[in-house]
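Asker: Right, I'll just put the structure down here and ask away after.
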Amino acid sequence: MSGRTHAGARPERTCVGCRERAAKTELLRIVAIKDACVPDPRGTLPGRGAYLHPAPVCLDQAVRRRAFTRALRAPGALDTKVLRQYVEQTTVAEQATP
């Protein structure tokens with residue numbers, strides 16, 4: 001026996017809000033387009049990405065710490081209105097699903 005597990009390795013990323021590591025599939029990719037943070041649920045938009053748990057708590061922490069500006073290497077403050085709407089809609093949809 002080699003000591004290796006048969007389970008495949010999954011990519012992990014760190015949430016910019018709570019700073020916890022999680023599987024890439026559990027996190028939402030965020031990209032900067034012009035001066036706004038935009039959700040990238042499919043992970044196909046070009047550019048540098050940051051990862052966030054799709055939860056209002058993590059979003060609030062990331063905004064308070066100005067984590068998006070640093071993680072996305074943006075020159076100035078980024079607008080998070082579109083991202084906040086997406087996270088709130090996702091949270092409501094998850095709570096409605098039994």
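Here, A, B, ... name the chains of the structure tokens in the order displayed, residue numbers run from 1 inside each chain, and ligands are numbered from 1 in the same displayed order.
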Please, which residues in region 26-65 of chain A fall within 9 Å of region 71-84 of chain A when counting only C-alpha atoms, and what is the closest atom pair and distance in Å to one decimal for each, ordered by chain then residue number, as CSV?
Answerer:
residue,atom,partner,partner_atom,distance
A:Ile30,CA,A:Leu83,CA,8.2
A:Val31,CA,A:Leu72,CA,7.1
A:Ala32,CA,A:Leu72,CA,6.7
A:Lys34,CA,A:Leu78,CA,8.6
A:Asp35,CA,A:Leu78,CA,5.1
A:Ala36,CA,A:Asp79,CA,4.4
A:Cys37,CA,A:Thr80,CA,5.4
A:Val38,CA,A:Leu83,CA,5.6
A:Pro39,CA,A:Leu83,CA,5.8
A:Gly47,CA,A:Leu72,CA,8.8
A:Arg48,CA,A:Leu72,CA,6.0
A:Gly49,CA,A:Leu72,CA,6.3
A:Ala50,CA,A:Ala71,CA,6.0
A:Pro56,CA,A:Arg84,CA,7.6
A:Leu59,CA,A:Arg84,CA,7.5
A:Val63,CA,A:Thr80,CA,8.1
Asker: Can you write just those residues out, all heavy atoms, as a JSON list (two decimals), in the first residue's frame?
Answerer:
[["chain", "number", "residue", "atom", "x", "y", "z"],
["A", 30, "ILE", "N", -15.46, 36.05, -8.20],
["A", 30, "ILE", "CA", -15.76, 37.46, -8.40],
["A", 30, "ILE", "C", -14.68, 38.04, -9.31],
["A", 30, "ILE", "O", -13.49, 37.75, -9.11],
["A", 30, "ILE", "CB", -15.73, 38.23, -7.06],
["A", 30, "ILE", "CG1", -16.54, 37.52, -5.98],
["A", 30, "ILE", "CG2", -16.18, 39.66, -7.25],
["A", 30, "ILE", "CD1", -17.98, 37.35, -6.26],
["A", 31, "VAL", "N", -15.08, 38.83, -10.29],
["A", 31, "VAL", "CA", -14.12, 39.53, -11.14],
["A", 31, "VAL", "C", -14.45, 41.01, -11.16],
["A", 31, "VAL", "O", -15.58, 41.40, -10.88],
["A", 31, "VAL", "CB", -14.10, 38.98, -12.59],
["A", 31, "VAL", "CG1", -13.60, 37.57, -12.63],
["A", 31, "VAL", "CG2", -15.45, 39.08, -13.23],
["A", 32, "ALA", "N", -13.46, 41.82, -11.48],
["A", 32, "ALA", "CA", -13.66, 43.27, -11.58],
["A", 32, "ALA", "C", -13.85, 43.63, -13.05],
["A", 32, "ALA", "O", -13.00, 43.33, -13.88],
["A", 32, "ALA", "CB", -12.47, 44.01, -11.00],
["A", 34, "LYS", "N", -14.60, 47.01, -15.13],
["A", 34, "LYS", "CA", -14.55, 48.47, -14.96],
["A", 34, "LYS", "C", -14.39, 48.77, -13.48],
["A", 34, "LYS", "O", -13.39, 48.39, -12.90],
["A", 34, "LYS", "CB", -15.76, 49.13, -15.58],
["A", 34, "LYS", "CG", -15.82, 48.92, -17.08],
["A", 34, "LYS", "CD", -16.92, 49.70, -17.72],
["A", 34, "LYS", "CE", -16.91, 49.39, -19.22],
["A", 34, "LYS", "NZ", -17.99, 50.01, -19.93],
["A", 35, "ASP", "N", -15.34, 49.42, -12.84],
["A", 35, "ASP", "CA", -15.21, 49.75, -11.42],
["A", 35, "ASP", "C", -16.23, 49.00, -10.57],
["A", 35, "ASP", "O", -16.70, 49.53, -9.57],
["A", 35, "ASP", "CB", -15.38, 51.26, -11.22],
["A", 35, "ASP", "CG", -14.22, 52.05, -11.79],
["A", 35, "ASP", "OD1", -13.11, 51.48, -11.86],
["A", 35, "ASP", "OD2", -14.40, 53.22, -12.15],
["A", 36, "ALA", "N", -16.57, 47.78, -10.96],
["A", 36, "ALA", "CA", -17.58, 47.02, -10.23],
["A", 36, "ALA", "C", -17.14, 45.57, -10.02],
["A", 36, "ALA", "O", -16.46, 44.99, -10.86],
["A", 36, "ALA", "CB", -18.91, 47.05, -10.97],
["A", 37, "CYS", "N", -17.55, 45.00, -8.91],
["A", 37, "CYS", "CA", -17.35, 43.58, -8.64],
["A", 37, "CYS", "C", -18.54, 42.84, -9.25],
["A", 37, "CYS", "O", -19.70, 43.16, -8.94],
["A", 37, "CYS", "CB", -17.33, 43.31, -7.14],
["A", 37, "CYS", "SG", -15.86, 43.87, -6.33],
["A", 38, "VAL", "N", -18.25, 41.88, -10.10],
["A", 38, "VAL", "CA", -19.30, 41.16, -10.81],
["A", 38, "VAL", "C", -19.19, 39.67, -10.48],
["A", 38, "VAL", "O", -18.09, 39.11, -10.51],
["A", 38, "VAL", "CB", -19.15, 41.37, -12.34],
["A", 38, "VAL", "CG1", -20.20, 40.61, -13.10],
["A", 38, "VAL", "CG2", -19.21, 42.85, -12.67],
["A", 39, "PRO", "N", -20.31, 39.01, -10.16],
["A", 39, "PRO", "CA", -20.26, 37.57, -9.91],
["A", 39, "PRO", "C", -19.98, 36.80, -11.19],
["A", 39, "PRO", "O", -20.44, 37.18, -12.26],
["A", 39, "PRO", "CB", -21.65, 37.25, -9.35],
["A", 39, "PRO", "CG", -22.53, 38.34, -9.83],
["A", 39, "PRO", "CD", -21.66, 39.55, -9.99],
["A", 47, "GLY", "N", -9.84, 37.63, -16.67],
["A", 47, "GLY", "CA", -9.28, 38.50, -15.65],
["A", 47, "GLY", "C", -9.03, 37.80, -14.35],
["A", 47, "GLY", "O", -9.35, 36.62, -14.16],
["A", 48, "ARG", "N", -8.45, 38.54, -13.44],
["A", 48, "ARG", "CA", -8.12, 38.03, -12.12],
["A", 48, "ARG", "C", -9.40, 37.81, -11.33],
["A", 48, "ARG", "O", -10.33, 38.61, -11.39],
["A", 48, "ARG", "CB", -7.22, 39.04, -11.42],
["A", 48, "ARG", "CG", -6.69, 38.58, -10.10],
["A", 48, "ARG", "CD", -5.61, 39.54, -9.63],
["A", 48, "ARG", "NE", -5.05, 39.06, -8.39],
["A", 48, "ARG", "CZ", -4.11, 38.14, -8.31],
["A", 48, "ARG", "NH1", -3.63, 37.62, -9.41],
["A", 48, "ARG", "NH2", -3.65, 37.74, -7.14],
["A", 49, "GLY", "N", -9.45, 36.75, -10.56],
["A", 49, "GLY", "CA", -10.64, 36.44, -9.79],
["A", 49, "GLY", "C", -10.36, 36.36, -8.30],
["A", 49, "GLY", "O", -9.25, 36.12, -7.87],
["A", 50, "ALA", "N", -11.40, 36.58, -7.52],
["A", 50, "ALA", "CA", -11.36, 36.39, -6.08],
["A", 50, "ALA", "C", -12.54, 35.48, -5.74],
["A", 50, "ALA", "O", -13.53, 35.43, -6.48],
["A", 50, "ALA", "CB", -11.50, 37.73, -5.36],
["A", 56, "PRO", "N", -24.29, 36.58, 2.73],
["A", 56, "PRO", "CA", -24.20, 38.00, 3.07],
["A", 56, "PRO", "C", -23.15, 38.30, 4.14],
["A", 56, "PRO", "O", -22.52, 39.36, 4.11],
["A", 56, "PRO", "CB", -25.61, 38.35, 3.57],
["A", 56, "PRO", "CG", -26.50, 37.33, 2.94],
["A", 56, "PRO", "CD", -25.67, 36.08, 2.83],
["A", 59, "LEU", "N", -19.78, 38.48, 2.48],
["A", 59, "LEU", "CA", -19.74, 39.67, 1.63],
["A", 59, "LEU", "C", -19.52, 40.92, 2.47],
["A", 59, "LEU", "O", -18.69, 41.77, 2.14],
["A", 59, "LEU", "CB", -21.02, 39.80, 0.81],
["A", 59, "LEU", "CG", -21.15, 41.03, -0.07],
["A", 59, "LEU", "CD1", -20.01, 41.10, -1.08],
["A", 59, "LEU", "CD2", -22.48, 41.04, -0.78],
["A", 63, "VAL", "N", -16.27, 43.47, 2.22],
["A", 63, "VAL", "CA", -16.43, 44.90, 1.95],
["A", 63, "VAL", "C", -15.80, 45.72, 3.07],
["A", 63, "VAL", "O", -15.09, 46.70, 2.81],
["A", 63, "VAL", "CB", -17.93, 45.26, 1.77],
["A", 63, "VAL", "CG1", -18.13, 46.76, 1.73],
["A", 63, "VAL", "CG2", -18.47, 44.61, 0.50]]
Asker: What does the distance between CA of Arg64 (chain A) and CA of Gly17 (chain A) come to in Å, to one decimal place?
Answerer: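 CA of Gly17 (chain A) lies at a distance of 8.9 Å from CA of Arg64 (chain A).
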Asker: Which one of A:Asp40, A:Glu94, A:Glu88, A:Glu12 sits closest to Thr25 (chain A) if you count only C-alpha atoms?
Answerer: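 That would be A:Glu12, the residue with the smallest distance to Thr25 (chain A).
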Asker: Out of chain A, which residues get strand (DSSP E) from DSSP, as an mmCIF file with C-alpha atoms, in the first residue's frame?
Answerer:
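Final output, saved to states_11.cif:
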data_model
loop_
_atom_site.group_PDB
_atom_site.id
_atom_site.type_symbol
_atom_site.label_atom_id
_atom_site.label_comp_id
_atom_site.auth_asym_id
_atom_site.auth_seq_id
_atom_site.Cartn_x
_atom_site.Cartn_y
_atom_site.Cartn_z
ATOM 1 C CA GLU A 12 -9.382 24.707 -2.879
ATOM 2 C CA ARG A 13 -9.628 28.475 -2.659
ATOM 3 C CA THR A 14 -9.768 30.960 0.212
ATOM 4 C CA ARG A 21 -10.432 27.541 2.781
ATOM 5 C CA ALA A 22 -13.163 25.669 0.936
ATOM 6 C CA ALA A 23 -13.630 23.615 -2.208
ATOM 7 C CA LEU A 28 -18.424 32.151 -5.936
ATOM 8 C CA ARG A 29 -15.811 33.652 -8.254
ATOM 9 C CA ILE A 30 -15.762 37.458 -8.403
ATOM 10 C CA VAL A 31 -14.117 39.529 -11.143
ATOM 11 C CA ALA A 32 -13.657 43.268 -11.580
ATOM 12 C CA ILE A 33 -15.252 44.756 -14.687
ATOM 13 C CA ALA A 36 -17.581 47.023 -10.225
ATOM 14 C CA CYS A 37 -17.352 43.579 -8.637
ATOM 15 C CA VAL A 38 -19.300 41.156 -10.811
ATOM 16 C CA PRO A 39 -20.256 37.570 -9.906
ATOM 17 C CA ASP A 40 -18.884 34.880 -12.208
ATOM 18 C CA GLY A 49 -10.644 36.437 -9.786
ATOM 19 C CA ALA A 50 -11.363 36.392 -6.076
ATOM 20 C CA TYR A 51 -13.493 33.809 -4.293
ATOM 21 C CA LEU A 52 -16.271 34.337 -1.765
#
Asker: Please compute the CA of Thr91 (chain A)-CA of Gly8 (chain A) distance, one decimal, in Å.
Answerer: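 Answer for the CA of Thr91 (chain A) to CA of Gly8 (chain A) separation: 29.1 Å.
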